[in-house]
Structures are given as structure tokens and as C-alpha cells.
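As provided, coords_29.cif (mmCIF, C-alpha atoms) reads as follows.
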```cif
data_target
loop_
_atom_site.label_atom_id
_atom_site.label_comp_id
_atom_site.auth_asym_id
_atom_site.auth_seq_id
_atom_site.Cartn_x
_atom_site.Cartn_y
_atom_site.Cartn_z
CA MET A 1 212.29 135.58 91.44
CA PRO A 2 212.83 134.62 95.05
CA ARG A 3 212.08 131.17 96.21
CA ARG A 4 209.25 130.82 98.63
CA ASP A 5 208.77 128.15 101.26
CA TYR A 6 205.14 127.21 100.90
CA VAL A 7 205.21 124.63 103.62
CA LYS A 8 205.96 127.04 106.44
CA THR A 9 203.77 129.86 105.18
CA ALA A 10 200.55 128.34 106.49
CA ARG A 11 199.71 129.54 109.96
CA PRO A 12 198.85 126.97 112.58
CA GLN A 13 195.20 126.92 113.46
CA ALA A 14 194.14 127.40 117.02
CA LYS A 15 193.10 124.21 118.80
CA PRO A 16 189.44 124.15 119.74
CA ARG A 17 188.80 124.29 123.45
CA LYS A 18 187.25 121.28 125.04
CA LYS A 19 183.84 121.94 126.46
CA ALA A 20 182.86 120.54 129.80
CA PRO A 21 180.66 117.45 129.44
CA VAL A 22 176.99 118.12 129.92
CA LYS A 23 175.46 116.24 132.80
CA ALA A 24 172.60 114.00 131.85
CA PRO A 25 169.32 114.80 133.59
CA PHE A 26 168.20 112.48 136.36
CA PRO A 27 166.10 109.60 134.87
CA TRP A 28 162.83 110.32 136.69
CA LEU A 29 160.80 108.37 134.13
CA LEU A 30 162.89 105.22 134.54
CA LEU A 31 162.75 105.50 138.32
CA SER A 32 158.97 105.90 138.37
CA VAL A 33 158.38 102.95 135.98
CA THR A 34 160.66 100.70 138.06
CA ALA A 35 158.94 101.73 141.30
CA GLY A 36 155.52 101.07 139.72
CA LEU A 37 156.56 97.58 138.60
CA VAL A 38 157.91 96.75 142.06
CA LEU A 39 154.62 97.89 143.66
CA VAL A 40 152.53 95.82 141.22
CA PHE A 41 154.67 92.75 141.88
CA GLY A 42 154.34 93.25 145.65
CA TRP A 43 150.55 93.60 145.36
CA PHE A 44 150.44 90.38 143.29
CA LEU A 45 152.38 88.45 145.93
CA TRP A 46 150.15 89.84 148.71
CA THR A 47 146.96 88.75 146.91
CA ILE A 48 148.33 85.25 146.39
CA ASN A 49 149.21 85.03 150.08
CA GLN A 50 145.72 86.14 151.18
CA GLN A 51 143.89 83.43 149.23
CA GLU A 52 142.89 80.34 151.17
CA PRO A 53 144.33 77.06 149.94
CA VAL A 54 141.92 74.83 148.06
CA THR A 55 141.50 71.43 149.65
CA SER A 56 139.51 68.58 148.26
CA THR A 57 137.04 67.20 150.78
CA GLN A 58 135.53 64.73 148.37
CA GLN A 59 136.96 61.25 148.41
CA PRO A 60 136.87 59.04 145.35
CA PRO A 61 134.15 56.43 145.43
CA ALA A 62 135.23 53.11 146.83
CA VAL A 63 135.51 50.36 144.25
CA VAL A 64 134.04 47.04 145.24
CA LYS A 65 135.20 43.87 143.53
CA ASP A 66 131.68 42.84 142.71
CA GLU A 67 131.14 45.99 140.70
CA LEU A 68 134.17 45.51 138.47
CA PRO A 69 133.36 44.56 134.90
CA GLU A 70 134.16 41.00 134.06
CA ARG A 71 136.83 40.17 131.56
CA PRO A 72 135.54 39.12 128.21
CA THR A 73 135.67 35.38 127.84
CA GLU A 74 136.35 35.58 124.14
CA GLU A 75 139.30 37.38 122.60
CA PRO A 76 138.16 40.44 120.65
CA TYR A 77 140.81 39.99 117.97
CA GLN A 78 140.71 37.12 115.56
CA TYR A 79 144.43 37.06 114.70
CA ILE A 80 145.35 35.96 118.23
CA ARG A 81 143.48 32.67 117.78
CA GLU A 82 144.96 32.24 114.30
CA LEU A 83 148.56 32.72 115.44
CA GLU A 84 148.44 30.50 118.54
CA ASN A 85 149.21 27.27 116.72
CA ARG A 86 151.23 28.62 113.81
CA GLU A 87 154.91 27.97 113.36
CA VAL A 88 157.13 30.59 111.80
CA VAL A 89 159.86 29.33 109.47
CA VAL A 90 162.80 31.66 108.92
CA GLU A 91 165.60 31.07 106.47
CA VAL A 92 168.98 31.67 108.06
CA ARG A 93 171.88 32.01 105.69
CA GLU A 94 175.36 31.35 106.93
CA LEU A 95 177.76 34.23 106.42
CA GLU A 96 180.62 33.39 104.18
CA SER A 97 183.93 33.47 105.92
CA ARG A 98 186.14 35.80 103.98
CA GLY A 99 189.18 34.08 105.26
CA PRO A 100 191.76 34.89 107.88
CA PHE A 101 193.03 38.46 108.20
CA GLN A 102 196.40 39.96 108.99
CA MET A 103 197.33 43.41 110.21
CA GLN A 104 200.38 45.15 108.78
CA CYS A 105 201.63 48.02 110.92
CA ALA A 106 204.75 49.10 109.03
CA SER A 107 207.09 48.36 106.15
CA PHE A 108 210.75 49.39 106.26
CA ARG A 109 213.86 49.09 104.12
CA SER A 110 216.07 48.33 107.13
CA GLU A 111 215.63 45.56 109.62
CA GLN A 112 216.60 47.82 112.56
CA GLN A 113 213.61 50.10 111.97
CA ALA A 114 211.33 47.06 111.77
CA ASP A 115 212.74 45.79 115.10
CA ALA A 116 212.07 49.20 116.69
CA MET A 117 208.42 49.09 115.53
CA ARG A 118 208.09 45.52 116.75
CA ALA A 119 209.34 46.65 120.18
CA GLN A 120 206.71 49.44 120.29
CA ILE A 121 204.01 46.90 119.49
CA ALA A 122 205.37 44.57 122.18
CA PHE A 123 205.15 47.39 124.74
CA ALA A 124 201.48 47.77 123.75
CA GLY A 125 200.96 44.09 124.64
CA PHE A 126 200.89 42.37 121.25
CA SER A 127 203.20 39.89 119.59
CA SER A 128 204.19 40.66 116.01
CA ASN A 129 206.38 39.15 113.33
CA ILE A 130 208.85 40.65 110.89
CA ARG A 131 208.53 39.29 107.37
CA ARG A 132 211.22 39.82 104.77
CA THR A 133 209.70 40.45 101.34
CA GLU A 134 211.61 40.73 98.09
CA GLY A 135 209.78 42.65 95.42
CA SER A 136 210.53 44.40 92.16
CA ASN A 137 211.72 47.50 94.02
CA GLY A 138 213.99 45.81 96.57
CA VAL A 139 213.84 44.17 99.98
CA TRP A 140 211.21 45.27 102.50
CA TYR A 141 210.77 44.26 106.15
CA ARG A 142 207.07 44.18 107.08
CA VAL A 143 205.82 44.23 110.70
CA VAL A 144 202.73 41.98 110.75
CA LEU A 145 200.24 40.83 113.40
CA GLY A 146 197.89 37.90 112.96
CA PRO A 147 196.33 35.77 111.63
CA TYR A 148 192.86 36.78 112.85
CA ASP A 149 189.77 34.64 112.27
CA SER A 150 187.50 37.66 111.79
CA ARG A 151 187.90 41.26 110.79
CA ARG A 152 186.23 42.31 114.05
CA GLN A 153 189.06 40.83 116.12
CA ALA A 154 191.62 42.64 113.96
CA GLU A 155 189.71 45.94 114.32
CA ALA A 156 189.66 45.55 118.12
CA ASP A 157 193.45 45.07 118.22
CA ARG A 158 193.99 47.98 115.82
CA ASN A 159 191.93 50.25 118.09
CA ARG A 160 194.01 49.21 121.12
CA LEU A 161 197.19 49.96 119.15
CA ARG A 162 195.81 53.40 118.20
CA ARG A 163 195.22 54.18 121.87
CA ASN A 164 198.93 53.40 122.41
CA GLY A 165 200.04 55.77 119.65
CA ILE A 166 200.54 53.31 116.77
CA ASN A 167 198.29 54.65 114.00
CA SER A 168 199.70 53.15 110.83
CA CYS A 169 198.19 49.64 110.93
CA GLN A 170 196.15 48.28 108.01
CA ILE A 171 194.04 45.12 107.87
CA TRP A 172 194.41 42.81 104.86
CA ASN A 173 193.16 39.42 103.80
CA TRP A 174 195.71 36.70 104.58
CA ASN A 175 197.55 35.49 101.52
#
```

How would this structure read if it were set down as C-alpha cells?
Amino acid sequence: MPRRDYVKTARPQAKPRKKAPVKAPFPWLLLSVTAGLVLVFGWFLWTINQQEPVTSTQQPPAVVKDELPERPTEEPYQYIRELENREVVVEVRELESRGPFQMQCASFRSEQQADAMRAQIAFAGFSSNIRRTEGSNGVWYRVVLGPYDSRRQAEADRNRLRRNGINSCQIWNWN
């Protein structure tokens, strides 16, 4: 039995011819509606222009001082008389001072890195200290600012440091 090539046996189909695009009819309806709207708008403007402006010829009545009602001699509300001679006592509690605060901006194993961070803080306009701390996991060099009397002062300085690109500062109670 001879081998047949089934792939080439199919005949190519003829390509369909492209038809010329059909021209859309002229939009007479759209043109007539648009023209009608323009005419109605023009008529509206013409009628507004033809109307005479309304002017008020009446003047408000003149007010004479003698005709003004007199102020009441007695206050209409009773609580005003009651509160005139009263004294209000308010209890003011003093806020507890939570103690001085410090701001720690970095903690490094090497003193050179701590000096570099201290220089960045100095360029931002603040003076800082490097504290050597010996803990259970070795020696650390902490870059610290402070002491601050209130947390608000420390927050203000931390925001100024953030504007200068130093974002790692934390505020702690002073120990």
C-alpha cells in the first residue's frame, strides 16, 4: 500500500474578496434636531433681551428713633440673674511628670560606626553622646541625645532629625 501525504492533499481555499465599505447615509435627522435646538435657544435669548428690566420704585419706610421698640428693662431669662454673682470652682490636677526622656538613634558594635552616626546628627544641628554599654551579648556603642524634660521636646527633635534623613531614633525614659 502506497503512503499518502494527507497534509498536502487538501486544496487551498480561495480567499474571499473584500467588499467596498458601504457609505453611511447622511444624518438628516441629527442635522434637523440640532438646527431645531439652536433655533429654540436663539428664540429664548431674544425673548429675554426684549423684556424690560424690573426696577423697584418703592423705597423702604424710613425708621425714626422714636418709633423703635424700647429694650426690655428686665432680663427675660432667669439664669442670667442667678449666674451673675456665682463663682465657679474647678479642680485642676497637676500632671505627673514621667521623668526625663532620652532619644537613642543607633546602636553599633564598633565605635567607628557610632562616630559616623554622631557626625550625621551633628550635621543636622544636634549634639549627641556615644555611650559604651556592656551587656550579656557583648559591647554596644549607643548614640544618644538628651536628656529632655518632656516627651514633646524629644518628639520635636526626632521630627527634625527625620526631615534630615535620620529615621531610626526612639524615645525612652531616662534610666

Open item on the list: Here's the selection I'm unsure about, the PyMOL selection byres ((chain A and resi 97) around 12); applied to the file above, which residues does it give, as a list in words?
Closed with: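 What the PyMOL selection byres ((chain A and resi 97) around 12) grabs from the file is Glu94, Leu95, Glu96, Arg98, Gly99, Pro100, Phe101, Tyr148, Asp149, Ser150, Arg151 and Asn173 of chain A.
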
Give me the result of the PyMOL selection byres ((chain A and resi 115-119) around 12) on this file, residue by residue, as a PDB file with C-alpha atoms, in the frame of the given file.
```pdb
ATOM      1  CA  GLN A 104     200.380  45.150 108.780  1.00  0.00           C
ATOM      2  CA  CYS A 105     201.630  48.020 110.920  1.00  0.00           C
ATOM      3  CA  ALA A 106     204.750  49.100 109.030  1.00  0.00           C
ATOM      4  CA  SER A 107     207.090  48.360 106.150  1.00  0.00           C
ATOM      5  CA  PHE A 108     210.750  49.390 106.260  1.00  0.00           C
ATOM      6  CA  ARG A 109     213.860  49.090 104.120  1.00  0.00           C
ATOM      7  CA  SER A 110     216.070  48.330 107.130  1.00  0.00           C
ATOM      8  CA  GLU A 111     215.630  45.560 109.620  1.00  0.00           C
ATOM      9  CA  GLN A 112     216.600  47.820 112.560  1.00  0.00           C
ATOM     10  CA  GLN A 113     213.610  50.100 111.970  1.00  0.00           C
ATOM     11  CA  ALA A 114     211.330  47.060 111.770  1.00  0.00           C
ATOM     12  CA  GLN A 120     206.710  49.440 120.290  1.00  0.00           C
ATOM     13  CA  ILE A 121     204.010  46.900 119.490  1.00  0.00           C
ATOM     14  CA  ALA A 122     205.370  44.570 122.180  1.00  0.00           C
ATOM     15  CA  PHE A 123     205.150  47.390 124.740  1.00  0.00           C
ATOM     16  CA  ALA A 124     201.480  47.770 123.750  1.00  0.00           C
ATOM     17  CA  GLY A 125     200.960  44.090 124.640  1.00  0.00           C
ATOM     18  CA  PHE A 126     200.890  42.370 121.250  1.00  0.00           C
ATOM     19  CA  SER A 127     203.200  39.890 119.590  1.00  0.00           C
ATOM     20  CA  SER A 128     204.190  40.660 116.010  1.00  0.00           C
ATOM     21  CA  ASN A 129     206.380  39.150 113.330  1.00  0.00           C
ATOM     22  CA  ILE A 130     208.850  40.650 110.890  1.00  0.00           C
ATOM     23  CA  ARG A 131     208.530  39.290 107.370  1.00  0.00           C
ATOM     24  CA  TYR A 141     210.770  44.260 106.150  1.00  0.00           C
ATOM     25  CA  ARG A 142     207.070  44.180 107.080  1.00  0.00           C
ATOM     26  CA  VAL A 143     205.820  44.230 110.700  1.00  0.00           C
ATOM     27  CA  VAL A 144     202.730  41.980 110.750  1.00  0.00           C
ATOM     28  CA  LEU A 145     200.240  40.830 113.400  1.00  0.00           C
ATOM     29  CA  LEU A 161     197.190  49.960 119.150  1.00  0.00           C
ATOM     30  CA  GLY A 165     200.040  55.770 119.650  1.00  0.00           C
ATOM     31  CA  ILE A 166     200.540  53.310 116.770  1.00  0.00           C
ATOM     32  CA  ASN A 167     198.290  54.650 114.000  1.00  0.00           C
ATOM     33  CA  SER A 168     199.700  53.150 110.830  1.00  0.00           C
ATOM     34  CA  CYS A 169     198.190  49.640 110.930  1.00  0.00           C
TER      35      CYS A 169
END
```

TODO: May I ask for the distance between atom CA of Pro53 of chain A and atom CA of Leu37 of chain A, given in Å to one decimal place?
DONE: 26.4 Å
